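Notes follow once the structure below has been shown.
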Amino acid sequence: MTYSKEYLSGLPVLELRGLCRKHESRYGLTGRQVADMGREDLVGVILAWQAEHPATPDATSTVDQKTDPPDDTDTLAAELAAVIARHKPPAPALDVEGVRRIASDVVREAIEPLKDRLRVDYTIGGLGNAPELRHPMKTMPRMGWDILSALQARTVSGERVPLLLVGPPASFKTSTCSRVAEMLGLQFYCQSVGETTTKSDFFGFIDAGGTYRSTLFRRAYEFGGVYLMDELDAGNANAIVALNAALANGHAGFPDGMVSRHKDFVAIAAANTYCLGHNREFSGRNALDAATLDRFAVLDCVYDTDYEITISTGVVMPQGGSPRTGRDITESEALDVVRNIQRWRGRAEQLKIRMFITPRAAIHTIALMRAGFSREEAEKMCVWKSAPAELVQKIKGE
(Lines give C-alpha, C1' and ligand atoms only; values in the text may rest on other atoms or scores of the structure.)
Protein backbone atom coordinates (compact mmCIF):
# COMPACT_ATOMS: atom_id res chain seq x y z
CA MET A 1 0.00 0.00 0.00
CA THR A 2 1.34 3.46 -0.95
CA TYR A 3 0.72 6.39 1.40
CA SER A 4 0.76 10.08 0.46
CA LYS A 5 2.68 12.61 2.51
CA GLU A 6 -0.56 14.44 3.32
CA TYR A 7 -2.18 11.27 4.63
CA LEU A 8 0.80 10.32 6.80
CA SER A 9 1.20 13.85 8.18
CA GLY A 10 -2.41 13.78 9.32
CA LEU A 11 -2.06 10.55 11.31
CA PRO A 12 -1.56 10.63 15.11
CA VAL A 13 1.99 9.85 16.19
CA LEU A 14 0.79 6.61 17.80
CA GLU A 15 -0.62 5.33 14.49
CA LEU A 16 2.58 6.25 12.66
CA ARG A 17 4.61 4.32 15.22
CA GLY A 18 2.24 1.38 14.95
CA LEU A 19 2.62 1.37 11.17
CA CYS A 20 6.42 1.40 11.44
CA ARG A 21 6.43 -1.33 14.10
CA LYS A 22 4.22 -3.47 11.88
CA HIS A 23 6.85 -3.32 9.13
CA GLU A 24 10.06 -2.96 11.17
CA SER A 25 12.03 -5.23 8.84
CA ARG A 26 10.79 -3.33 5.81
CA TYR A 27 11.97 0.02 7.13
CA GLY A 28 15.10 -1.32 8.83
CA LEU A 29 14.05 -0.10 12.28
CA THR A 30 13.92 -1.57 15.76
CA GLY A 31 11.08 -1.06 18.22
CA ARG A 32 13.27 1.22 20.35
CA GLN A 33 14.16 3.36 17.33
CA VAL A 34 10.51 3.74 16.42
CA ALA A 35 9.62 4.79 19.99
CA ASP A 36 12.33 7.47 19.93
CA MET A 37 11.34 8.98 16.58
CA GLY A 38 9.08 11.99 16.10
CA ARG A 39 6.36 12.55 13.53
CA GLU A 40 8.56 14.08 10.81
CA ASP A 41 11.18 11.33 11.08
CA LEU A 42 8.54 8.58 10.90
CA VAL A 43 6.89 10.13 7.86
CA GLY A 44 10.30 10.57 6.23
CA VAL A 45 11.24 6.92 6.74
CA ILE A 46 8.01 5.66 5.17
CA LEU A 47 8.17 8.04 2.21
CA ALA A 48 11.86 7.24 1.61
CA TRP A 49 11.12 3.50 1.51
CA GLN A 50 8.24 4.04 -0.91
CA ALA A 51 10.47 6.13 -3.17
CA GLU A 52 13.07 3.36 -3.29
CA HIS A 53 10.50 0.59 -3.80
CA PRO A 54 7.93 1.76 -6.35
CA ALA A 55 5.32 -0.93 -6.87
CA THR A 56 2.98 -1.64 -9.73
CA PRO A 57 -0.72 -1.95 -8.83
CA ASP A 58 -0.62 -5.74 -9.34
CA ALA A 59 2.53 -6.17 -7.23
CA THR A 60 1.15 -3.97 -4.48
CA SER A 61 -2.06 -5.97 -4.40
CA THR A 62 -0.15 -9.27 -4.13
CA VAL A 63 2.09 -8.02 -1.32
CA ASP A 64 -0.82 -6.60 0.63
CA GLN A 65 -2.78 -9.83 0.36
CA LYS A 66 0.15 -11.87 1.66
CA THR A 67 1.36 -9.65 4.47
CA ASP A 68 -1.56 -7.60 5.71
CA PRO A 69 -4.81 -8.98 7.14
CA PRO A 70 -7.96 -7.39 5.73
CA ASP A 71 -8.77 -4.10 7.41
CA ASP A 72 -12.34 -4.16 8.70
CA THR A 73 -12.21 -0.44 9.51
CA ASP A 74 -12.62 0.70 5.90
CA THR A 75 -15.60 -1.62 5.37
CA LEU A 76 -17.24 -0.41 8.56
CA ALA A 77 -16.70 3.23 7.58
CA ALA A 78 -18.24 2.60 4.16
CA GLU A 79 -21.33 0.99 5.69
CA LEU A 80 -21.78 3.87 8.14
CA ALA A 81 -21.39 6.37 5.30
CA ALA A 82 -24.06 4.55 3.33
CA VAL A 83 -26.47 4.76 6.27
CA ILE A 84 -25.82 8.48 6.67
CA ALA A 85 -26.38 9.02 2.94
CA ARG A 86 -29.76 7.27 3.12
CA HIS A 87 -30.95 9.49 5.93
CA LYS A 88 -29.44 12.80 4.87
CA PRO A 89 -32.15 15.32 3.86
CA PRO A 90 -31.66 17.96 1.11
CA ALA A 91 -29.05 20.59 2.06
CA PRO A 92 -31.54 23.44 2.77
CA ALA A 93 -33.28 21.26 5.38
CA LEU A 94 -30.12 20.29 7.24
CA ASP A 95 -30.40 22.24 10.48
CA VAL A 96 -29.49 21.31 14.06
CA GLU A 97 -32.57 19.17 14.52
CA GLY A 98 -31.88 17.50 11.19
CA VAL A 99 -28.40 16.55 12.31
CA ARG A 100 -29.82 15.11 15.54
CA ARG A 101 -32.34 13.03 13.59
CA ILE A 102 -29.57 11.68 11.37
CA ALA A 103 -27.48 10.77 14.41
CA SER A 104 -30.41 9.00 16.01
CA ASP A 105 -31.20 7.06 12.84
CA VAL A 106 -27.55 6.10 12.35
CA VAL A 107 -27.31 4.75 15.88
CA ARG A 108 -30.50 2.78 15.51
CA GLU A 109 -29.82 1.37 12.04
CA ALA A 110 -26.01 1.08 11.89
CA ILE A 111 -24.39 1.01 15.29
CA GLU A 112 -26.57 -1.67 16.87
CA PRO A 113 -26.17 -4.30 14.09
CA LEU A 114 -22.42 -3.60 13.90
CA LYS A 115 -21.68 -3.42 17.63
CA ASP A 116 -19.61 -6.60 17.60
CA ARG A 117 -17.22 -5.03 15.12
CA LEU A 118 -16.76 -1.74 16.94
CA ARG A 119 -13.46 -1.33 18.74
CA VAL A 120 -13.69 -1.82 22.50
CA ASP A 121 -11.29 -1.40 25.37
CA TYR A 122 -12.06 -4.59 27.26
CA THR A 123 -14.87 -7.09 27.74
CA ILE A 124 -16.54 -7.89 31.05
CA GLY A 125 -18.05 -11.34 31.57
CA GLY A 126 -21.78 -11.48 32.15
CA LEU A 127 -23.27 -11.54 35.64
CA GLY A 128 -25.04 -14.86 36.15
CA ASN A 129 -27.06 -15.46 33.00
CA ALA A 130 -26.77 -11.84 31.90
CA PRO A 131 -25.33 -11.21 28.44
CA GLU A 132 -21.74 -10.14 27.96
CA LEU A 133 -21.24 -6.38 28.32
CA ARG A 134 -18.76 -4.28 26.44
CA HIS A 135 -17.01 -1.32 27.97
CA PRO A 136 -16.54 1.45 25.33
CA MET A 137 -13.07 2.87 24.78
CA LYS A 138 -14.26 6.40 25.47
CA THR A 139 -15.55 5.51 28.94
CA MET A 140 -13.57 7.19 31.71
CA PRO A 141 -14.21 9.11 34.94
CA ARG A 142 -15.78 12.51 34.42
CA MET A 143 -12.60 14.16 35.70
CA GLY A 144 -10.98 12.96 32.46
CA TRP A 145 -12.78 15.66 30.53
CA ASP A 146 -11.40 18.35 32.86
CA ILE A 147 -7.91 16.89 32.45
CA LEU A 148 -8.33 16.91 28.67
CA SER A 149 -9.54 20.52 28.70
CA ALA A 150 -6.74 21.67 31.00
CA LEU A 151 -4.08 20.02 28.83
CA GLN A 152 -5.38 21.88 25.80
CA ALA A 153 -5.06 25.26 27.53
CA ARG A 154 -2.37 27.56 26.17
CA THR A 155 -0.70 30.62 27.66
CA VAL A 156 -0.28 33.82 25.65
CA SER A 157 3.15 32.53 24.54
CA GLY A 158 1.63 29.21 23.42
CA GLU A 159 2.86 27.08 26.34
CA ARG A 160 0.85 24.25 27.91
CA VAL A 161 -0.05 24.35 31.61
CA PRO A 162 1.55 21.47 33.60
CA LEU A 163 -1.09 19.72 35.70
CA LEU A 164 -0.95 18.20 39.18
CA LEU A 165 -3.75 15.74 39.95
CA VAL A 166 -4.46 15.36 43.67
CA GLY A 167 -6.83 12.67 44.86
CA PRO A 168 -7.28 9.60 47.06
CA PRO A 169 -5.93 6.15 46.14
CA ALA A 170 -7.74 4.32 43.33
CA SER A 171 -9.42 7.46 42.00
CA PHE A 172 -8.13 6.34 38.56
CA LYS A 173 -5.69 9.21 38.07
CA THR A 174 -3.13 7.11 36.20
CA SER A 175 -5.53 5.14 34.00
CA THR A 176 -7.44 8.31 33.14
CA CYS A 177 -4.23 10.02 32.01
CA SER A 178 -3.55 7.03 29.78
CA ARG A 179 -7.02 7.37 28.25
CA VAL A 180 -6.54 11.12 27.75
CA ALA A 181 -3.21 10.50 25.98
CA GLU A 182 -5.02 8.08 23.68
CA MET A 183 -7.65 10.70 22.92
CA LEU A 184 -4.93 13.24 22.13
CA GLY A 185 -3.18 10.73 19.86
CA LEU A 186 0.01 10.89 21.92
CA GLN A 187 2.32 8.27 23.40
CA PHE A 188 1.78 7.74 27.14
CA TYR A 189 4.79 7.58 29.48
CA CYS A 190 4.32 6.85 33.18
CA GLN A 191 7.10 6.97 35.75
CA SER A 192 6.59 6.31 39.45
CA VAL A 193 8.51 8.63 41.75
CA GLY A 194 9.97 7.71 45.12
CA GLU A 195 12.72 8.50 47.60
CA THR A 196 15.27 6.63 45.48
CA THR A 197 14.38 8.47 42.27
CA THR A 198 17.35 10.55 41.15
CA LYS A 199 18.05 13.27 38.63
CA SER A 200 19.50 10.59 36.31
CA ASP A 201 16.14 8.81 36.28
CA PHE A 202 14.72 11.90 34.59
CA PHE A 203 17.62 13.15 32.49
CA GLY A 204 19.56 9.97 31.78
CA PHE A 205 23.33 9.51 31.98
CA ILE A 206 26.40 8.71 29.94
CA ASP A 207 27.73 5.25 30.75
CA ALA A 208 31.34 4.12 31.04
CA GLY A 209 31.48 3.45 27.31
CA GLY A 210 30.46 7.02 26.47
CA THR A 211 26.91 6.09 25.39
CA TYR A 212 24.01 8.24 26.51
CA ARG A 213 21.25 6.27 28.24
CA SER A 214 17.86 7.82 27.61
CA THR A 215 14.78 7.99 29.86
CA LEU A 216 11.01 8.16 29.54
CA PHE A 217 11.12 11.87 30.37
CA ARG A 218 13.68 12.51 27.63
CA ARG A 219 11.64 10.68 24.99
CA ALA A 220 8.46 12.55 25.85
CA TYR A 221 10.27 15.89 26.11
CA GLU A 222 12.10 15.57 22.80
CA PHE A 223 9.60 13.65 20.65
CA GLY A 224 6.26 14.49 22.27
CA GLY A 225 3.91 12.52 24.48
CA VAL A 226 2.00 12.63 27.76
CA TYR A 227 4.50 12.19 30.60
CA LEU A 228 3.01 11.31 33.99
CA MET A 229 5.05 11.52 37.20
CA ASP A 230 3.06 9.24 39.46
CA GLU A 231 3.19 9.50 43.27
CA LEU A 232 4.98 12.84 43.01
CA ASP A 233 4.61 13.52 46.73
CA ALA A 234 6.67 10.39 47.50
CA GLY A 235 9.69 11.78 45.64
CA ASN A 236 12.85 13.48 46.81
CA ALA A 237 12.42 17.26 46.58
CA ASN A 238 16.04 17.79 45.49
CA ALA A 239 15.72 15.33 42.59
CA ILE A 240 12.39 16.70 41.41
CA VAL A 241 13.55 20.31 41.54
CA ALA A 242 15.92 19.46 38.66
CA LEU A 243 12.83 19.37 36.42
CA ASN A 244 11.86 22.97 37.14
CA ALA A 245 13.72 24.55 34.23
CA ALA A 246 12.56 21.91 31.75
CA LEU A 247 8.90 22.38 32.73
CA ALA A 248 9.01 26.18 32.60
CA ASN A 249 11.19 26.72 29.53
CA GLY A 250 11.30 25.58 25.94
CA HIS A 251 14.54 23.67 26.34
CA ALA A 252 16.52 21.70 28.90
CA GLY A 253 20.07 20.51 29.44
CA PHE A 254 20.67 16.76 29.23
CA PRO A 255 23.98 14.91 29.70
CA ASP A 256 24.48 14.82 25.92
CA GLY A 257 23.50 18.44 25.25
CA MET A 258 20.63 20.90 25.09
CA VAL A 259 17.26 19.59 23.90
CA SER A 260 14.29 21.64 22.70
CA ARG A 261 10.92 20.79 24.12
CA HIS A 262 8.54 19.18 21.62
CA LYS A 263 5.32 21.05 20.97
CA ASP A 264 3.35 17.93 21.94
CA PHE A 265 5.11 17.39 25.27
CA VAL A 266 2.51 17.21 28.03
CA ALA A 267 3.54 17.17 31.70
CA ILE A 268 1.25 15.75 34.38
CA ALA A 269 1.94 14.75 37.98
CA ALA A 270 -0.28 12.71 40.29
CA ALA A 271 -0.24 12.65 44.08
CA ASN A 272 -2.36 11.72 47.09
CA THR A 273 -1.52 14.96 48.91
CA TYR A 274 -0.80 18.55 47.93
CA CYS A 275 2.93 17.81 48.31
CA LEU A 276 3.22 19.81 51.53
CA GLY A 277 4.41 16.90 53.67
CA HIS A 278 3.12 13.78 55.36
CA ASN A 279 -0.13 13.48 57.26
CA ARG A 280 -1.93 10.75 59.24
CA GLU A 281 -3.10 8.91 56.13
CA PHE A 282 0.06 9.27 54.05
CA SER A 283 2.94 9.10 56.46
CA GLY A 284 5.60 8.58 53.79
CA ARG A 285 4.89 11.69 51.74
CA ASN A 286 7.35 14.56 51.39
CA ALA A 287 7.14 18.32 51.21
CA LEU A 288 8.29 19.47 47.77
CA ASP A 289 10.01 22.71 46.88
CA ALA A 290 7.68 25.69 46.46
CA ALA A 291 9.28 26.52 43.10
CA THR A 292 8.36 23.04 41.84
CA LEU A 293 4.75 23.30 42.98
CA ASP A 294 4.46 26.72 41.37
CA ARG A 295 4.93 25.09 37.96
CA PHE A 296 1.66 23.16 38.24
CA ALA A 297 -2.01 23.99 38.19
CA VAL A 298 -3.81 21.72 40.67
CA LEU A 299 -6.87 19.68 39.78
CA ASP A 300 -8.69 17.87 42.58
CA CYS A 301 -9.79 14.33 41.69
CA VAL A 302 -12.64 12.57 43.47
CA TYR A 303 -14.26 9.15 43.23
CA ASP A 304 -16.66 8.83 40.29
CA THR A 305 -19.39 6.52 41.64
CA ASP A 306 -20.95 5.79 38.23
CA TYR A 307 -17.58 4.80 36.79
CA GLU A 308 -16.93 2.66 39.87
CA ILE A 309 -20.19 0.76 39.26
CA THR A 310 -19.32 0.22 35.59
CA ILE A 311 -15.87 -1.24 36.13
CA SER A 312 -16.88 -3.22 39.23
CA THR A 313 -20.07 -4.88 38.02
CA GLY A 314 -20.16 -4.55 34.26
CA VAL A 315 -23.39 -2.56 34.47
CA VAL A 316 -22.66 0.31 32.10
CA MET A 317 -23.69 3.56 33.76
CA PRO A 318 -24.18 6.81 31.82
CA GLN A 319 -20.76 8.29 31.14
CA GLY A 320 -21.57 11.95 30.63
CA GLY A 321 -19.04 14.64 29.95
CA SER A 322 -17.24 16.39 27.15
CA PRO A 323 -14.31 18.80 26.77
CA ARG A 324 -15.04 22.32 27.87
CA THR A 325 -15.76 24.90 25.19
CA GLY A 326 -13.01 27.48 24.86
CA ARG A 327 -13.95 31.13 24.96
CA ASP A 328 -12.52 34.57 24.36
CA ILE A 329 -11.70 36.79 27.31
CA THR A 330 -12.07 40.54 27.00
CA GLU A 331 -9.13 42.78 27.73
CA SER A 332 -10.88 44.33 30.71
CA GLU A 333 -11.71 40.90 32.18
CA ALA A 334 -8.11 39.72 31.77
CA LEU A 335 -6.74 42.88 33.38
CA ASP A 336 -9.15 42.51 36.29
CA VAL A 337 -8.00 38.91 36.86
CA VAL A 338 -4.32 39.85 36.87
CA ARG A 339 -4.75 42.93 39.06
CA ASN A 340 -6.74 40.92 41.60
CA ILE A 341 -3.97 38.33 41.77
CA GLN A 342 -1.41 41.10 42.22
CA ARG A 343 -3.53 42.57 45.03
CA TRP A 344 -3.75 39.17 46.74
CA ARG A 345 0.03 38.80 46.49
CA GLY A 346 0.45 42.15 48.25
CA ARG A 347 -2.03 41.15 50.96
CA ALA A 348 -0.21 37.87 51.60
CA GLU A 349 3.10 39.70 51.95
CA GLN A 350 1.54 42.34 54.18
CA LEU A 351 0.00 39.69 56.46
CA LYS A 352 3.29 37.72 56.42
CA ILE A 353 1.53 34.63 55.14
CA ARG A 354 3.92 32.00 53.81
CA MET A 355 2.29 31.57 50.44
CA PHE A 356 3.72 32.27 46.99
CA ILE A 357 1.36 33.93 44.52
CA THR A 358 3.63 34.33 41.51
CA PRO A 359 3.07 35.81 38.03
CA ARG A 360 2.79 32.22 36.82
CA ALA A 361 -0.52 32.01 38.73
CA ALA A 362 -1.90 34.85 36.60
CA ILE A 363 -0.54 33.37 33.35
CA HIS A 364 -2.04 29.94 34.01
CA THR A 365 -5.36 31.33 35.27
CA ILE A 366 -5.93 33.25 32.04
CA ALA A 367 -4.95 30.20 29.96
CA LEU A 368 -7.40 27.91 31.77
CA MET A 369 -10.20 30.47 31.51
CA ARG A 370 -9.66 30.59 27.76
CA ALA A 371 -9.89 26.78 27.74
CA GLY A 372 -13.39 26.96 29.24
CA PHE A 373 -12.85 26.89 33.01
CA SER A 374 -14.73 29.47 35.04
CA ARG A 375 -12.77 32.24 36.70
CA GLU A 376 -13.40 30.74 40.13
CA GLU A 377 -12.25 27.28 38.99
CA ALA A 378 -9.11 28.62 37.31
CA GLU A 379 -8.15 30.73 40.35
CA LYS A 380 -8.59 27.72 42.64
CA MET A 381 -6.34 25.61 40.39
CA CYS A 382 -3.61 28.21 39.90
CA VAL A 383 -3.70 30.62 42.87
CA TRP A 384 -5.24 28.96 45.91
CA LYS A 385 -4.50 25.30 45.19
CA SER A 386 -4.32 23.66 48.66
CA ALA A 387 -4.93 26.81 50.74
CA PRO A 388 -7.66 26.38 53.41
CA ALA A 389 -10.83 28.42 53.00
CA GLU A 390 -10.15 30.63 56.01
CA LEU A 391 -6.74 31.60 54.65
CA VAL A 392 -8.21 32.42 51.25
CA GLN A 393 -10.82 34.66 52.88
CA LYS A 394 -8.14 36.39 54.92
CA ILE A 395 -6.03 37.19 51.89
CA LYS A 396 -9.05 38.31 49.88
CA GLY A 397 -10.07 40.55 52.78
CA GLU A 398 -13.50 38.99 53.06
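Ordering of the C-alpha coordinates sets the chain letters (A, B, ...), residue numbers begin anew at 1 in every chain, and ligands are numbered from 1 in the order given.
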
Got a sec: who's within 8 Å of Asn244 of chain A, counting only C-alpha atoms, leaving out chain neighbours fewer than 2 positions off, as an MDAnalysis selection string? chainID A and resid 240:242 246:248 291:292 295

Based on the backbone DSSP call, show me all residues of segment 126-368 of chain A assigned strand (DSSP E), as a ChimeraX atom specification. /A:133-136,163-166,188-192,205-206,212-213,225-230,251-254,257-260,265-271,297-300

Go through segment 239-360 of chain A and collect every residue that DSSP, computed from the backbone, puts in helix (DSSP H, G or I); the answer should be as a PyMOL selection string. chain A and resi 239-248+290-293+305-313+331-350+359-360

Using only C-alpha atoms, what table do you get, as a Markdown table, when you list each residue of segment 194-302 of chain A with an atom no more than 10 Å from segment 179-186 of chain A, its nearest pair of atoms, and their distance in Å rounded to one decimal, rows by chain then rising number?
```
| residue | atom | partner | partner_atom | distance |
| --- | --- | --- | --- | --- |
| A:Ala220 | CA | A:Leu186 | CA | 9.5 |
| A:Gly224 | CA | A:Leu186 | CA | 7.2 |
| A:Gly225 | CA | A:Leu186 | CA | 4.9 |
| A:Val226 | CA | A:Ala181 | CA | 5.9 |
| A:Tyr227 | CA | A:Ala181 | CA | 9.2 |
| A:Asp264 | CA | A:Leu186 | CA | 7.8 |
| A:Phe265 | CA | A:Leu186 | CA | 8.9 |
| A:Val266 | CA | A:Ala181 | CA | 9.1 |
```

Determine, counting only C-alpha atoms, which protein, DNA and RNA residues have an atom within 6 Å of an atom of segment 351-365 of chain A; residues of the same chain fewer than 2 positions away are not included. Present the result as a list in words.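 Once the nearby chain positions are removed, what remains is Val338, Arg345, Ala348, Glu349, Ala367, Leu368, Ala378, Glu379, Cys382 and Val383 of chain A.
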
For Leu165 of chain A, list every protein, DNA or RNA residue within 9 Å, evaluated using only C-alpha atoms, and leave out those in the same chain fewer than 5 positions away; present the list as a list in words.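 That gives Ile147, Lys173, Ile268, Ala269, Ala270, Ala271, Asn272, Tyr274, Ala297, Val298, Leu299, Asp300 and Cys301 of chain A.
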
Rank nothing, just name the residue among A:Ile395, A:Lys385, A:Leu163, A:Tyr303 nearest to Gln342 of chain A, using only C-alpha atoms.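 The closest residue to Gln342 of chain A is A:Ile395.
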
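The space between atom CA of Gly18 of chain A and atom CA of Ser178 of chain A spans 16.9 Å.
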
Grab the atom CA of Leu148 of chain A to atom CA of Leu243 of chain A distance for me, in Å with one decimal place.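 Separation of atom CA of Leu148 of chain A and atom CA of Leu243 of chain A: 22.7 Å.
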
Ranking A:Ser260, A:Ser149, A:Ser312, A:Ser9 by minimum distance to Arg370 of chain A and counting only C-alpha atoms, which one comes first?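 Comparing A:Ser260, A:Ser149, A:Ser312, A:Ser9 against Arg370 of chain A, the winner is A:Ser149.
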
Pairwise distance for atom CA of Ala267 of chain A and atom CA of Tyr307 of chain A, rounded to one decimal in Å: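 Between atom CA of Ala267 of chain A and atom CA of Tyr307 of chain A the gap works out to 25.0 Å.
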
Which one of A:Arg26, A:Lys394, A:Arg32, A:Arg218 sits closest to Trp344 of chain A if you count only C-alpha atoms?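 For Trp344 of chain A, the nearest of the given residues is A:Lys394.
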
Need to verify the contact set: Ala287 of chain A, 12 Å, only C-alpha atoms, exclusion of same-chain residues closer than 2 positions in sequence. Can you return it as a count of residues only? 27

Set the distance at 6 Å and use only C-alpha atoms: which residues neighbour segment 316-333 of chain A once local chain neighbours fewer than 4 positions away are removed? I'd like the list as a PyMOL selection string. chain A and resi 142+145+149+306+310+370-372
